[in-house]
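Data block for start_17.txt (compact mmCIF, C-alpha atoms):
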# COMPACT_ATOMS: atom_id res chain seq x y z
CA MET A 198 7.63 -32.92 -52.63
CA ALA A 199 6.47 -36.45 -53.55
CA ILE A 200 7.17 -39.27 -51.10
CA ASP A 201 9.38 -42.00 -52.60
CA LEU A 202 9.22 -45.34 -50.79
CA GLN A 203 12.77 -46.09 -51.96
CA ASP A 204 14.00 -43.49 -49.47
CA PHE A 205 12.61 -45.62 -46.61
CA LYS A 206 13.13 -49.05 -45.14
CA ALA A 207 10.53 -51.24 -43.49
CA THR A 208 10.37 -51.50 -39.71
CA LYS A 209 9.17 -54.56 -37.86
CA TYR A 210 5.74 -52.93 -37.65
CA PRO A 211 3.30 -53.38 -40.58
CA ASN A 212 2.81 -50.27 -42.78
CA LEU A 213 5.46 -48.29 -40.87
CA TYR A 214 8.62 -47.19 -42.65
CA LYS A 215 11.74 -45.34 -41.51
CA SER A 216 13.97 -43.13 -43.63
CA ILE A 217 17.31 -44.64 -44.68
CA LYS A 218 19.09 -41.36 -44.04
CA ALA A 219 18.68 -39.19 -40.97
CA HIS A 220 18.09 -35.45 -41.19
CA GLU A 221 20.84 -33.46 -39.52
CA LYS A 222 18.50 -31.69 -37.09
CA ASN A 223 15.27 -33.67 -37.16
CA GLY A 224 16.60 -37.23 -37.21
CA PHE A 225 14.98 -40.21 -38.92
CA LYS A 226 11.66 -39.69 -40.67
CA TYR A 227 8.74 -42.10 -40.08
CA LEU A 228 6.19 -42.84 -42.77
CA LEU A 229 2.78 -44.49 -42.75
CA TRP A 230 2.27 -46.30 -46.07
CA ALA A 231 -0.91 -48.36 -46.00
CA LYS A 232 -3.82 -49.45 -48.14
CA ILE A 233 -7.09 -48.76 -46.35
CA ASP A 234 -10.48 -49.42 -47.96
CA ASN A 235 -8.72 -50.09 -51.28
CA LYS A 236 -7.08 -46.66 -51.21
CA LEU A 237 -3.37 -45.96 -50.68
CA HIS A 238 -2.60 -43.56 -47.84
CA LYS A 239 0.81 -41.96 -47.35
CA LYS A 240 1.56 -39.70 -44.40
CA ILE A 241 4.68 -38.58 -42.54
CA ILE A 242 4.21 -39.46 -38.87
CA GLY A 243 7.13 -37.45 -37.52
CA TYR A 244 10.88 -37.50 -36.76
CA SER A 245 13.04 -39.32 -34.22
CA LYS A 246 14.75 -36.16 -32.88
CA LYS A 247 12.24 -33.42 -33.58
CA ASP A 248 9.24 -35.36 -32.27
CA ASN A 249 11.14 -37.71 -29.95
CA LEU A 250 9.86 -40.79 -31.78
CA THR A 251 11.06 -44.36 -31.63
CA ASP A 252 9.92 -47.22 -33.82
CA ARG A 253 7.45 -48.22 -31.11
CA SER A 254 5.99 -44.73 -30.46
CA ALA A 255 5.85 -44.02 -34.21
CA ASN A 256 3.85 -47.22 -34.65
CA LEU A 257 1.36 -46.08 -32.01
CA LYS A 258 0.90 -42.79 -33.88
CA ALA A 259 0.53 -44.70 -37.15
CA ASP A 260 -2.16 -46.95 -35.63
CA MET A 261 -4.05 -43.87 -34.41
CA GLU A 262 -3.84 -42.33 -37.87
CA LYS A 263 -5.15 -45.55 -39.48
CA THR A 264 -8.05 -45.61 -37.01
CA ASN A 265 -8.94 -42.03 -37.94
CA ILE A 266 -8.83 -42.82 -41.64
CA GLU A 267 -11.02 -45.91 -41.17
CA ALA A 268 -13.50 -43.82 -39.16
CA GLY A 269 -13.77 -41.40 -42.07
CA TYR A 270 -11.78 -38.45 -40.71
CA THR A 271 -10.41 -36.27 -43.49
CA SER A 272 -6.69 -35.67 -43.62
CA THR A 273 -6.08 -32.13 -42.37
CA ASN A 274 -2.45 -31.76 -43.41
CA LYS A 275 -3.49 -29.33 -46.17
CA ILE A 276 -6.46 -27.61 -44.48
CA ASN A 277 -5.82 -24.47 -42.49
CA LEU A 278 -8.42 -22.53 -40.53
CA ASP A 279 -8.98 -19.97 -43.29
CA LYS A 280 -9.83 -22.77 -45.73
CA LEU A 281 -12.11 -24.40 -43.17
CA PHE A 282 -13.94 -21.11 -42.61
CA ASP A 283 -14.48 -20.69 -46.35
CA LEU A 284 -15.96 -24.19 -46.52
CA TYR A 285 -18.14 -23.43 -43.50
CA PHE A 286 -19.24 -20.05 -44.90
CA GLU A 287 -20.52 -21.75 -48.06
CA THR A 288 -23.06 -23.63 -45.90
CA LEU A 289 -24.49 -20.46 -44.32
CA ASP A 290 -27.47 -18.40 -45.44
CA THR A 291 -25.90 -15.26 -46.92
CA SER A 292 -29.23 -13.42 -46.78
CA LYS A 293 -28.79 -13.25 -43.01
CA GLN A 294 -27.06 -10.24 -41.53
CA TRP A 295 -25.39 -12.40 -38.85
CA THR A 296 -23.70 -14.47 -41.58
CA HIS A 297 -21.78 -11.44 -42.81
CA LYS A 298 -21.14 -10.26 -39.26
CA LYS A 299 -19.48 -13.65 -38.65
CA LYS A 300 -17.17 -13.08 -41.60
CA TYR A 301 -16.27 -9.60 -40.34
CA ILE A 302 -15.45 -10.93 -36.85
CA TYR A 303 -13.41 -13.78 -38.32
CA ASN A 304 -11.36 -11.49 -40.57
CA HIS A 305 -10.86 -8.86 -37.87
CA TYR A 306 -9.69 -11.09 -35.04
CA ILE A 307 -9.06 -14.67 -36.20
CA GLY A 308 -7.91 -15.13 -39.79
CA THR A 309 -8.28 -13.93 -43.35
CA SER A 310 -11.21 -15.28 -45.32
CA LYS A 311 -12.09 -14.36 -48.88
CA ASN A 312 -14.74 -11.71 -49.48
CA ASP A 313 -18.09 -12.93 -50.82
CA ASP A 314 -17.20 -11.92 -54.37
CA GLY A 315 -13.47 -12.41 -54.06
CA SER A 316 -12.81 -8.69 -54.28
CA GLN A 317 -11.28 -6.35 -51.76
CA LYS A 318 -13.72 -4.84 -49.30
CA LYS A 319 -14.34 -1.16 -49.95
CA ILE A 320 -12.98 1.14 -47.27
CA THR A 321 -15.50 3.83 -46.36
CA ARG A 322 -13.08 5.76 -44.13
CA LYS A 323 -9.43 5.66 -43.19
CA PRO A 324 -8.80 3.81 -39.90
CA THR A 325 -7.45 5.94 -37.07
CA GLU A 326 -3.89 5.44 -35.85
CA GLU A 327 -5.25 3.72 -32.75
CA GLU A 328 -7.36 1.35 -34.86
CA GLN A 329 -4.37 0.55 -37.07
CA ARG A 330 -2.21 -0.15 -34.01
CA SER A 331 -4.84 -2.45 -32.52
CA GLN A 332 -5.29 -4.28 -35.83
CA LYS A 333 -1.56 -4.97 -36.04
CA ILE A 334 -1.70 -6.56 -32.58
CA PHE A 335 -4.75 -8.63 -33.54
CA ASP A 336 -3.00 -9.76 -36.73
CA LYS A 337 -0.02 -11.11 -34.75
CA ASN A 338 -2.32 -13.49 -32.86
CA LYS A 339 -4.39 -14.64 -35.83
CA ILE A 340 -4.51 -18.40 -36.38
CA GLY A 341 -6.14 -18.56 -39.82
CA HIS A 342 -2.92 -19.77 -41.45
CA ARG A 343 -2.53 -22.62 -38.96
CA LYS A 344 -3.39 -26.23 -39.85
CA ILE A 345 -6.62 -26.98 -38.01
CA ASP A 346 -5.26 -30.10 -36.31
CA SER A 347 -2.46 -28.02 -34.78
CA ILE A 348 -4.78 -25.48 -33.12
CA ARG A 349 -5.11 -25.93 -29.37
CA GLU A 350 -7.34 -24.39 -26.72
CA MET A 351 -4.44 -22.22 -25.56
CA ASP A 352 -4.13 -20.66 -29.05
CA ILE A 353 -7.74 -19.51 -28.91
CA GLN A 354 -7.41 -18.37 -25.32
CA LYS A 355 -4.42 -16.25 -26.35
CA ILE A 356 -6.63 -14.37 -28.80
CA LEU A 357 -9.27 -13.77 -26.12
CA ASN A 358 -6.65 -12.62 -23.62
CA GLU A 359 -5.24 -10.11 -26.10
CA LEU A 360 -8.73 -8.73 -26.78
CA ALA A 361 -9.20 -8.24 -23.05
CA LYS A 362 -5.76 -6.61 -22.79
CA GLN A 363 -6.75 -4.18 -25.54
CA GLY A 364 -9.79 -3.21 -23.48
CA LEU A 365 -12.42 -4.89 -25.65
CA SER A 366 -15.60 -5.89 -23.88
CA PRO A 367 -16.60 -9.41 -22.80
CA ARG A 368 -19.41 -9.13 -25.36
CA THR A 369 -16.81 -8.76 -28.14
CA ARG A 370 -14.84 -11.74 -26.84
CA LYS A 371 -18.03 -13.80 -26.68
CA SER A 372 -18.76 -12.83 -30.31
CA VAL A 373 -15.41 -14.34 -31.28
CA MET A 374 -16.43 -17.59 -29.60
CA GLU A 375 -19.84 -17.42 -31.31
CA VAL A 376 -17.88 -17.65 -34.57
CA LEU A 377 -15.32 -20.26 -33.50
CA ASN A 378 -17.70 -22.63 -31.66
CA PRO A 379 -19.89 -23.47 -34.70
CA LEU A 380 -16.82 -23.42 -36.97
CA PHE A 381 -15.09 -26.19 -35.01
CA ARG A 382 -18.39 -28.06 -34.58
CA PHE A 383 -18.59 -28.01 -38.38
CA ALA A 384 -15.07 -29.46 -38.49
CA THR A 385 -15.87 -32.31 -36.10
CA ILE A 386 -19.25 -33.13 -37.66
CA ASN A 387 -17.66 -33.34 -41.11
CA LYS A 388 -14.74 -35.33 -39.68
CA TYR A 389 -12.01 -32.83 -40.41
CA LEU A 390 -11.18 -33.06 -36.70
CA ARG A 391 -11.78 -35.51 -33.91
CA ASP A 392 -11.52 -33.03 -31.03
CA ASN A 393 -13.02 -29.55 -30.70
CA PRO A 394 -10.49 -27.11 -29.14
CA THR A 395 -13.22 -24.61 -28.16
CA ILE A 396 -15.18 -26.99 -25.99
CA GLY A 397 -13.55 -25.94 -22.71
CA ILE A 398 -13.66 -22.18 -23.31
CA THR A 399 -16.40 -19.97 -21.89
CA VAL A 400 -16.70 -16.20 -21.86
CA LYS A 401 -18.91 -14.73 -19.18
CA VAL A 402 -20.65 -11.50 -20.09
CA PRO A 403 -21.72 -9.38 -17.11
CA SER A 404 -25.38 -8.49 -17.00
CA GLN A 405 -26.00 -5.47 -19.22
CA LYS A 406 -29.54 -4.98 -18.01
CA LYS A 407 -30.34 -1.29 -17.72
CA ILE A 408 -32.74 -0.37 -14.96
CA VAL A 409 -35.28 2.20 -16.09
CA THR A 410 -36.71 4.31 -13.27
CA ASN A 411 -39.96 6.21 -13.79
CA ALA A 412 -40.32 4.26 -17.01
CA THR A 413 -43.81 5.52 -17.92
CA ASP A 414 -42.76 9.16 -17.63
CA THR A 415 -39.56 8.44 -19.59
CA PHE A 416 -41.58 6.69 -22.30
CA LYS A 417 -43.90 9.69 -22.69
CA ARG A 418 -40.95 12.09 -22.72
CA VAL A 419 -39.02 10.23 -25.42
CA TYR A 420 -42.16 9.62 -27.49
CA ALA A 421 -43.05 13.31 -27.41
CA GLY A 422 -39.43 14.27 -28.13
CA ILE A 423 -39.25 12.09 -31.25
CA ASN A 424 -42.47 13.59 -32.60
CA ALA A 425 -41.34 17.12 -31.81
CA TYR A 426 -37.75 16.92 -33.06
CA TYR A 427 -38.61 15.02 -36.25
CA HIS A 428 -41.96 16.72 -36.79
CA ASP A 429 -41.07 17.63 -40.38
CA ASN A 430 -39.12 14.47 -41.11
CA PRO A 431 -41.44 11.42 -41.27
CA TYR A 432 -38.53 9.20 -42.30
CA TYR A 433 -36.59 9.54 -39.03
CA ARG A 434 -39.76 10.03 -37.01
CA ALA A 435 -40.94 6.58 -38.13
CA LEU A 436 -37.49 5.03 -37.72
CA PHE A 437 -37.12 6.11 -34.09
CA LEU A 438 -40.76 5.47 -33.17
CA PHE A 439 -40.15 1.90 -34.33
CA GLY A 440 -37.84 1.67 -31.32
CA PHE A 441 -40.98 1.71 -29.19
CA THR A 442 -42.33 -1.44 -30.86
CA GLY A 443 -39.63 -3.57 -29.22
CA ARG A 444 -37.76 -4.17 -32.46
CA ARG A 445 -33.99 -4.37 -32.62
CA LYS A 446 -32.16 -1.77 -34.70
CA SER A 447 -31.07 -4.37 -37.28
CA GLU A 448 -34.68 -5.58 -37.66
CA ILE A 449 -35.89 -2.01 -38.25
CA LEU A 450 -33.20 -1.21 -40.81
CA ASN A 451 -33.89 -4.48 -42.68
CA LEU A 452 -37.68 -3.99 -42.77
CA LYS A 453 -39.21 -4.07 -46.27
CA TRP A 454 -42.36 -2.38 -47.55
CA GLU A 455 -43.53 -5.75 -48.84
CA ASN A 456 -43.71 -6.99 -45.25
CA ILE A 457 -46.05 -4.22 -44.06
CA ASP A 458 -49.81 -4.72 -44.37
CA PHE A 459 -51.52 -1.34 -43.90
CA THR A 460 -54.93 -2.91 -44.54
CA HIS A 461 -54.77 -5.23 -41.53
CA ASN A 462 -52.15 -3.23 -39.59
CA TYR A 463 -49.39 -5.78 -39.13
CA TYR A 464 -45.87 -6.38 -40.34
CA TRP A 465 -43.41 -9.26 -40.66
CA ILE A 466 -39.81 -9.35 -39.51
CA GLU A 467 -37.85 -11.76 -41.72
CA ASP A 468 -34.26 -11.62 -40.50
CA THR A 469 -34.42 -11.87 -36.71
CA LYS A 470 -31.74 -12.60 -34.14
CA THR A 471 -33.55 -15.87 -33.36
CA ASP A 472 -33.48 -16.78 -37.09
CA ASP A 473 -37.24 -17.09 -37.61
CA GLN A 474 -40.04 -15.00 -39.13
CA GLN A 475 -42.17 -13.04 -36.69
CA LYS A 476 -45.47 -11.22 -37.14
CA TYR A 477 -46.33 -8.09 -35.13
CA GLN A 478 -49.19 -5.62 -34.94
CA LEU A 479 -48.44 -2.25 -36.55
CA PRO A 480 -49.11 0.50 -33.97
CA LEU A 481 -51.35 3.43 -34.83
CA TYR A 482 -48.68 5.96 -33.85
CA LEU A 483 -46.42 4.59 -36.63
CA ILE A 484 -48.86 4.34 -39.52
CA GLU A 485 -49.10 8.06 -40.27
CA SER A 486 -45.32 8.56 -40.21
CA LEU A 487 -44.72 5.56 -42.48
CA GLN A 488 -47.33 6.66 -45.00
CA GLU A 489 -45.84 10.17 -45.13
CA ILE A 490 -42.45 8.81 -46.28
CA LYS A 491 -41.94 9.68 -49.93
CA ASP A 492 -40.85 6.39 -51.41
CA ASP A 493 -41.66 3.96 -54.22
CA ARG A 494 -42.84 1.45 -51.57
CA LYS A 495 -40.44 -1.21 -52.82
CA GLY A 496 -37.62 -2.91 -50.95
CA LEU A 497 -36.24 -1.44 -47.75
CA VAL A 498 -38.37 1.02 -45.84
CA PHE A 499 -35.38 2.86 -44.37
CA LYS A 500 -33.04 2.88 -47.34
CA SER A 501 -30.55 5.69 -47.85
CA PRO A 502 -32.16 8.70 -49.58
CA ILE A 503 -28.86 9.14 -51.46
CA THR A 504 -27.74 5.64 -52.47
CA GLY A 505 -30.99 3.71 -52.15
CA LYS A 506 -29.14 1.08 -50.13
CA LYS A 507 -29.60 0.04 -46.50
CA ILE A 508 -28.63 2.59 -43.88
CA ILE A 509 -25.83 1.30 -41.66
CA ASN A 510 -25.18 4.19 -39.29
CA ILE A 511 -27.78 6.39 -37.54
CA ASP A 512 -25.43 7.58 -34.80
CA ARG A 513 -25.54 11.24 -35.86
CA GLN A 514 -29.35 11.36 -35.78
CA MET A 515 -29.40 9.58 -32.42
CA ARG A 516 -26.87 12.05 -30.98
CA GLN A 517 -29.07 14.92 -32.08
CA LEU A 518 -32.12 13.33 -30.47
CA LYS A 519 -30.22 12.61 -27.24
CA LYS A 520 -29.08 16.23 -27.06
CA PHE A 521 -32.63 17.47 -27.67
CA LEU A 522 -34.04 15.22 -24.92
CA ALA A 523 -31.02 15.59 -22.60
CA ILE A 524 -30.91 11.80 -22.14
CA ASP A 525 -27.28 10.73 -22.50
CA ASN A 526 -27.86 6.95 -22.47
CA LEU A 527 -30.64 6.89 -25.04
CA SER A 528 -30.21 4.30 -27.81
CA MET A 529 -32.40 2.06 -29.92
CA HIS A 530 -31.64 -0.80 -27.57
CA TYR A 531 -32.43 1.32 -24.50
CA MET A 532 -35.82 2.13 -26.03
CA ARG A 533 -36.61 -1.58 -25.78
CA ASN A 534 -35.82 -1.37 -22.07
CA ILE A 535 -38.02 1.70 -21.66
CA LEU A 536 -40.90 -0.01 -23.47
CA VAL A 537 -40.92 -3.23 -21.44
CA SER A 538 -40.27 -1.40 -18.16
CA THR A 539 -43.24 0.86 -18.91
CA LEU A 540 -45.46 -2.10 -19.71
CA ALA A 541 -44.27 -3.91 -16.60
CA GLU A 542 -45.40 -0.88 -14.59
CA GLN A 543 -48.80 -1.42 -16.23
CA GLN A 544 -48.86 -5.02 -14.94
CA VAL A 545 -48.28 -6.67 -18.33
CA GLU A 546 -47.15 -10.27 -17.81
CA ALA A 547 -43.52 -11.21 -18.37
CA ILE A 548 -44.42 -13.84 -21.00
CA THR A 549 -46.11 -11.10 -23.05
CA LEU A 550 -43.08 -8.84 -22.66
CA SER A 551 -40.87 -11.62 -24.02
CA GLY A 552 -43.14 -11.94 -27.02
CA ILE A 553 -43.04 -8.19 -27.70
CA LEU A 554 -39.22 -8.23 -27.68
CA GLY A 555 -39.11 -11.16 -30.12
CA HIS A 556 -37.59 -13.76 -27.81
CA LYS A 557 -37.79 -17.28 -29.17
CA ASP A 558 -38.71 -18.79 -25.83
CA ALA A 559 -39.37 -17.54 -22.35
CA ASN A 560 -36.27 -19.11 -20.74
CA THR A 561 -36.21 -17.28 -17.43
CA ILE A 562 -39.99 -17.06 -17.23
CA ASN A 563 -41.15 -20.48 -18.25
CA LYS A 564 -39.22 -22.34 -20.91
CA TYR A 565 -42.15 -24.64 -21.55
CA LEU A 566 -44.45 -21.85 -22.75
CA SER A 567 -44.52 -20.91 -26.40
CA ILE A 568 -44.71 -17.24 -27.31
CA ASN A 569 -47.27 -15.63 -29.59
CA HIS A 570 -45.45 -12.56 -30.89
CA TYR A 571 -48.49 -11.11 -32.66
CA LYS A 572 -50.80 -11.52 -29.66
CA SER A 573 -48.12 -10.14 -27.35
CA SER A 574 -47.68 -7.07 -29.57
CA GLN A 575 -51.46 -6.51 -29.56
CA ILE A 576 -51.65 -6.63 -25.76
CA GLY A 577 -48.59 -4.45 -25.32
CA LEU A 578 -49.64 -1.85 -27.89
CA ASN A 579 -53.10 -1.59 -26.36
CA LYS A 580 -51.36 -0.62 -23.13
CA VAL A 581 -49.21 1.88 -25.02
CA ASP A 582 -52.38 3.41 -26.49
CA ASP A 583 -53.80 3.74 -22.99
CA ILE A 584 -50.60 5.44 -21.80
CA LEU A 585 -50.55 7.87 -24.72
CA ASP A 586 -54.34 8.24 -24.71
CA VAL A 587 -54.45 7.49 -28.44
CA GLU A 588 -57.87 7.82 -29.99
CA VAL A 589 -58.78 4.65 -31.86
CA MET A 590 -60.75 5.30 -35.04
CA GLU A 591 -63.26 2.61 -35.87

Structure translated into structure tokens:
Amino acid sequence: MAIDLQDFKATKYPNLYKSIKAHEKNGFKYLLWAKIDNKLHKKIIGYSKKDNLTDRSANLKADMEKTNIEAGYTSTNKINLDKLFDLYFETLDTSKQWTHKKKYIYNHYIGTSKNDDGSQKKITRKPTEEEQRSQKIFDKNKIGHRKIDSIREMDIQKILNELAKQGLSPRTRKSVMEVLNPLFRFATINKYLRDNPTIGITVKVPSQKKIVTNATDTFKRVYAGINAYYHDNPYYRALFLFGFTGRRKSEILNLKWENIDFTHNYYWIEDTKTDDQQKYQLPLYLIESLQEIKDDRKGLVFKSPITGKKIINIDRQMRQLKKFLAIDNLSMHYMRNILVSTLAEQQVEAITLSGILGHKDANTINKYLSINHYKSSQIGLNKVDDILDVEVME
């Protein structure tokens, strides 16, 4: 509804007006009507009863609003969190897997953003009753519809508390903050907000480090098991052997043929967790399996044999391998632990281990040292060759 100045009368304070008639429940309405930088600004400051305002306190609020406008802060009376997220999402690199993971986390726990193409997301399976029940609870606490200047720290904390109550891990709660923290930083940098409501919230994730005992023997056992179980399937043999290069599952599943150089035996990882390109040596024990894969050598290496698109879920194949090896806690991530624990037993330096795993810096080792991923992979794989007694063909 348009604001008509004839419905207001001037107060003794410049640019502050008060409604002629009082609302039955809310009381008198206060209006800021001012020309700032040659532009007319109209904004309702609040009500005498509802917001407990007097002429004097309304004037203080009006002065604060004028200061914000002069400083360049955008009026947020029409911007809710969903709209802000859509604006923020447009600034992200949509070729990155983490970008789309952010949208999933936002839609699942925080608000309702549009899909990339504006269409409904395809449902690959029907959610279980438990998943539907949990989603209903999450939806009750969503704040996407809220105006961003009305969102407080306690609103965000309520979401985190409910996730904990539902038994979700600290890692999941931290992922929510990894979406909200940059979102509200975006809001403050672009002057949609003056204050960031996430700034006082931290989520501590307990150490998830898995201790690998008898790492060298475990490495040999898993390596032999992969080759034995997937002897006639080079596709999955190569996929799981890649776990012993130190690569993350997402990096393996996003690997492209164009980024593998069989002539010089190296490969590039484009979409890494640290958001940079990384070059690694291609181990001899992987080359044969990769070259046996029947493929057109274009696009993804590990694309679906049925759809030709990226594989999302390898849980069934991993379960089969775990059963074959009788190792219940085996996973692609645990294979990284086995690898570095094995190399540590071979006296490989920690800085090299960090490079093999693709860390961007060596924080806990020496944050002032840069990491050479390619050199680290060469050193580490030479040790692996020694362990496996691989014959090197000149």

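Between CA of Ser245 in chain A and CA of Asp352 in chain A the separation is 25.9 Å.
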
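For the choices A:Asn393, A:Ile200, A:Trp454, A:Met532, the atom-to-atom distance to Asp492 in chain A is smallest for A:Trp454 when using all atoms listed in the file.
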
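The nearest approach to Asn456 in chain A among the residues A:Lys495, A:Arg418, A:Arg444, A:His570, with all atoms listed in the file taken into account, belongs to A:Lys495.
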
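Candidate residues A:Ala207, A:Leu585, A:Gly224, A:Val376 were compared for distance to Asp414 in chain A, and the nearest is A:Leu585, using only C-alpha atoms.
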
Length of the CA of Lys246 in chain A to CA of Lys222 in chain A vector [Å] = 7.2 Å

Contacts of range 225-242 of chain A within 7 Å, all atoms listed in the file, excl. fewer than 5 positions in-chain, as a ChimeraX atom specification | /A:212-216,218-220,255,258-259

Would you be able to write out as a PyMOL selection string which residues have an atom within 12 Å of (-42.5, -4.8, -21.2) in the file's coordinates, counting only C-alpha atoms?
-> chain A and resi 409+412-413+416+441-443+532-555+573-574+576-578+580-581

Within 12 Å of Gln517 in chain A using only C-alpha atoms, minus same-chain residues under 6 positions, as a ChimeraX atom specification = /A:422-423,426-427,433,511,523-525,527-528

Could you name the residues that touch range 475-477 of chain A at 7 Å or less, counting only C-alpha atoms, but leaving out those on the same chain fewer than 5 positions away, as a ChimeraX atom specification?
-> /A:463-467,570-571,574

Grab the CA of Ile345 in chain A to CA of Lys280 in chain A distance for me, in Å with one decimal place.
-> 9.4 Å

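Residue nearest Gly496 in chain A, chosen from A:Lys453, A:His461, A:Lys247, A:His428 and counting only C-alpha atoms: A:Lys453.
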
Could you give me, as a PyMOL selection string, the residues that have an atom at most 12 Å away from the point (-36.2, 10.0, -36.0) in the coordinates of the file, using only C-alpha atoms?
-> chain A and resi 419-441+483+486-487+499+511-519+521+528-529

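Nearest-residue note for Ser347 in chain A: choosing from A:Ser310, A:Gln329, A:Asn277, A:Gln363, the minimum distance belongs to A:Asn277, counting only C-alpha atoms.
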
Within 9 Å of range 307-309 of chain A, counting all atoms listed in the file, which residues qualify if same-chain residues fewer than 4 places away don't, as a short mmCIF file (atom, residue, chain, number, x, y, z; two decimals) with C-alpha atoms, in the coordinates of the input?
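Wrote it out as part_34.cif, contents follow:
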data_model
loop_
_atom_site.label_atom_id
_atom_site.label_comp_id
_atom_site.auth_asym_id
_atom_site.auth_seq_id
_atom_site.Cartn_x
_atom_site.Cartn_y
_atom_site.Cartn_z
CA LEU A 278 -8.42 -22.53 -40.53
CA ASP A 279 -8.98 -19.97 -43.29
CA PHE A 282 -13.94 -21.11 -42.61
CA ILE A 302 -15.45 -10.93 -36.85
CA TYR A 303 -13.41 -13.78 -38.32
CA PHE A 335 -4.75 -8.63 -33.54
CA ASP A 336 -3.00 -9.76 -36.73
CA ASN A 338 -2.32 -13.49 -32.86
CA LYS A 339 -4.39 -14.64 -35.83
CA ILE A 340 -4.51 -18.40 -36.38
CA GLY A 341 -6.14 -18.56 -39.82
CA HIS A 342 -2.92 -19.77 -41.45
CA ILE A 353 -7.74 -19.51 -28.91
CA ILE A 356 -6.63 -14.37 -28.80
CA VAL A 373 -15.41 -14.34 -31.28
CA LEU A 377 -15.32 -20.26 -33.50
#

Hey, what's within 9 Å of Phe286 in chain A if we count all atoms listed in the file and toss same-chain stuff fewer than 6 positions away? As a ChimeraX atom specification, please?
-> /A:296,299-300,380

Of A:Glu267, A:Glu448, A:Asn223, A:Pro379, the one nearest to Asp248 in chain A when counting only C-alpha atoms is A:Asn223

Step by step, gather every atom of range 288-296 of chain A that the file lists, find the box along x, y and z that holds them, add 5 Å on each side, and finally give centre and edge lengths in Å to one decimal, as lines of an AutoDock Vina configuration file.
center_x = -26.1
center_y = -16.9
center_z = -42.9
size_x = 16.2
size_y = 23.4
size_z = 18.1
